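First up is the structure itself, then whatever we jot down about it.
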Amino acid sequence: MIKTFTVQTTELDDEQLAIEEIKSQLNITDGLKKNTIGIIACHYEFILSGIFKAVCEALPFEIIGTIASAQSIPDKTDLLLMTLMVMTSDDVEFDRVITESLASEKAYQEVVAESYKSVCRKDENPALILAFAPFILQNCGDDYVNTISEVSGGIPCFGTLAVDDTLNFENTFMLANGEYYSDKMAMILIYGNIQPKFFVANISDEKIMGKGAIITKSMGSIIMEVNERHIIEYFEELGLAEASETQYAMSNLPFLLDYNDGTPKVSKIFVMLTEDKHAICAGAMPQGSTMYMAKSDAQDVMLTTGITVDTILKEIDNASVLLIYSCIARSMALGGEQFKEMELINQRIGNKIPFLMANSGGEICPTMISDKKAINRFHNNAFIACMF
């Protein structure tokens, strides 16, 4: 059994006041149980002001998370906000590890694998892995996910890449125990009798534009050719050659990627062109998969999230934790109503279960679960939720 608290502060100036606000909301009358972990999301201003470090030092448990441009817990949604989910239990255990640098000479996939092996137990598999990473443009999020899946034998993995509200994503840190990192990942391995459930809201198939294209030449996150033709010709056919010249100009036109293996489609965002006019995406685009260009808009964001919330509510009984991440591209699609998706969660779920929701720079969530293993995927432009 897990007991969960969600707390927040908007205090950016007074460290003692922020600590008092957090502790008063925790209201732990009977004390923490044997095992406790905190999951945090905050605007980077809380790092610069010292509030994040002060709060972490004042609390008697480890705290892991990421920078996020906006967050929400029951009854509170904002930009300049620091939110904290605290899970405490006598029979569920939390082990954590922080990797070495993901930007060193050693391959970052090897770093992730070694870190997992250093903390995993020899005689027991975790029920769930939570992963938190900084946003590093040159690293591929799919590599993180695929490495964790391989080294763990397919344990379900859920998590996020940091995102901020600067133009160049300058402050997209992973957070751990009062410190912040631009080049390290953290993982929490959860052991015990939990049955995590996963939910993904993507772009509706009705928003697909034109026919699909087979990726015939690619390398990691770079697409060279589709249908055995240069990728720029594909953009020209869609009237998007000029738009593709500007970084992130097509963030509202993501690709839906079909791996052609019977698993659900996954969304990926086009980032920019290389000098050779190859397309760099925010995730791996494997050869042989089929990509469809789709249009993300406010109506579809709210429709797909609403459908997913309906499913969550049907399965909410006996759960005590709901962790949600939503791609920043979804809030951008909402325009002047950027909090509308988070407000929907507050309206529909409210205080039925403690939840923490935050914007994301890349979402990690399984799309399929079997008795043998999870099919973990790295998403863009997705709303993901994990409940247990």
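Ligands are numbered from 1 in the order shown, chains are lettered A, B, ... in the order of the structure tokens, and residues start at 1 in each chain.
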
>> With DSSP run on the backbone, what are the alpha helix (DSSP H) residues within region 112-319 of chain A? I'd like them as a PyMOL selection string.
In response: chain A and resi 112-119+141-152+231-237+298-314

Residues from the last selection, C-alpha atoms, saved as a PDB file, in the first residue's frame:
ATOM      1  CA  VAL A 112      22.368   4.200 -18.996  1.00  0.00           C
ATOM      2  CA  ALA A 113      22.839   0.420 -19.107  1.00  0.00           C
ATOM      3  CA  GLU A 114      25.669   0.467 -16.562  1.00  0.00           C
ATOM      4  CA  SER A 115      23.682   2.676 -14.200  1.00  0.00           C
ATOM      5  CA  TYR A 116      20.680   0.383 -14.288  1.00  0.00           C
ATOM      6  CA  LYS A 117      22.823  -2.698 -13.682  1.00  0.00           C
ATOM      7  CA  SER A 118      24.487  -0.987 -10.710  1.00  0.00           C
ATOM      8  CA  VAL A 119      21.219  -0.570  -8.828  1.00  0.00           C
ATOM      9  CA  GLY A 141      15.234   9.629 -26.415  1.00  0.00           C
ATOM     10  CA  ASP A 142      14.445   6.326 -28.125  1.00  0.00           C
ATOM     11  CA  ASP A 143      17.979   5.208 -27.287  1.00  0.00           C
ATOM     12  CA  TYR A 144      17.324   5.817 -23.589  1.00  0.00           C
ATOM     13  CA  VAL A 145      14.085   3.838 -23.734  1.00  0.00           C
ATOM     14  CA  ASN A 146      15.415   0.985 -25.851  1.00  0.00           C
ATOM     15  CA  THR A 147      18.479   0.626 -23.630  1.00  0.00           C
ATOM     16  CA  ILE A 148      16.386   0.489 -20.450  1.00  0.00           C
ATOM     17  CA  SER A 149      14.053  -2.041 -22.070  1.00  0.00           C
ATOM     18  CA  GLU A 150      16.920  -4.247 -23.162  1.00  0.00           C
ATOM     19  CA  VAL A 151      18.929  -4.156 -19.941  1.00  0.00           C
ATOM     20  CA  SER A 152      15.840  -4.661 -17.736  1.00  0.00           C
ATOM     21  CA  ILE A 231      12.701  13.807 -47.751  1.00  0.00           C
ATOM     22  CA  ILE A 232      12.591  17.409 -48.973  1.00  0.00           C
ATOM     23  CA  GLU A 233      10.533  16.241 -51.974  1.00  0.00           C
ATOM     24  CA  TYR A 234       7.969  14.872 -49.530  1.00  0.00           C
ATOM     25  CA  PHE A 235       7.790  18.256 -47.809  1.00  0.00           C
ATOM     26  CA  GLU A 236       7.463  19.971 -51.198  1.00  0.00           C
ATOM     27  CA  GLU A 237       4.500  17.780 -52.111  1.00  0.00           C
ATOM     28  CA  ALA A 298      -6.585  22.625 -29.742  1.00  0.00           C
ATOM     29  CA  GLN A 299      -9.774  20.708 -30.480  1.00  0.00           C
ATOM     30  CA  ASP A 300      -7.934  17.427 -31.003  1.00  0.00           C
ATOM     31  CA  VAL A 301      -5.777  17.903 -27.896  1.00  0.00           C
ATOM     32  CA  MET A 302      -8.864  18.277 -25.747  1.00  0.00           C
ATOM     33  CA  LEU A 303     -10.713  15.455 -27.512  1.00  0.00           C
ATOM     34  CA  THR A 304      -7.939  12.892 -27.146  1.00  0.00           C
ATOM     35  CA  THR A 305      -7.121  13.870 -23.562  1.00  0.00           C
ATOM     36  CA  GLY A 306     -10.808  13.743 -22.657  1.00  0.00           C
ATOM     37  CA  ILE A 307     -11.161  10.224 -24.061  1.00  0.00           C
ATOM     38  CA  THR A 308      -8.097   9.112 -22.104  1.00  0.00           C
ATOM     39  CA  VAL A 309      -9.423  10.652 -18.892  1.00  0.00           C
ATOM     40  CA  ASP A 310     -12.641   8.669 -19.366  1.00  0.00           C
ATOM     41  CA  THR A 311     -10.549   5.488 -19.404  1.00  0.00           C
ATOM     42  CA  ILE A 312      -8.540   6.557 -16.345  1.00  0.00           C
ATOM     43  CA  LEU A 313     -11.724   7.217 -14.364  1.00  0.00           C
ATOM     44  CA  LYS A 314     -13.048   3.743 -15.171  1.00  0.00           C
TER      45      LYS A 314
END

> Could you pull the residues within 10 Å of Thr77 (chain A), counting only C-alpha atoms, minus those fewer than 2 positions along the same chain, as a list in words?
Replying inline: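 Surrounding residues, per the criterion: Gln8, Ala70, Gln71, Ser72, Ile73, Pro74, Asp75, Leu79, Leu80, Leu81, Thr83, Phe339, Lys340, Met342, Glu343, Asn346, Met357 and Ala358 of chain A.
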
> Of the candidates A:Leu257, A:Leu130, A:Cys56, A:Ile345, which one gets nearest to Lys76 (chain A) if we count only C-alpha atoms?
Replying inline: A:Ile345

>> Give me, as a PyMOL selection string, all polymer residues having an atom no more than 12 Å from Asp276 (chain A), counting only C-alpha atoms and skipping those fewer than 5 positions away in the same chain.
In response: chain A and resi 222-225+230-232+245
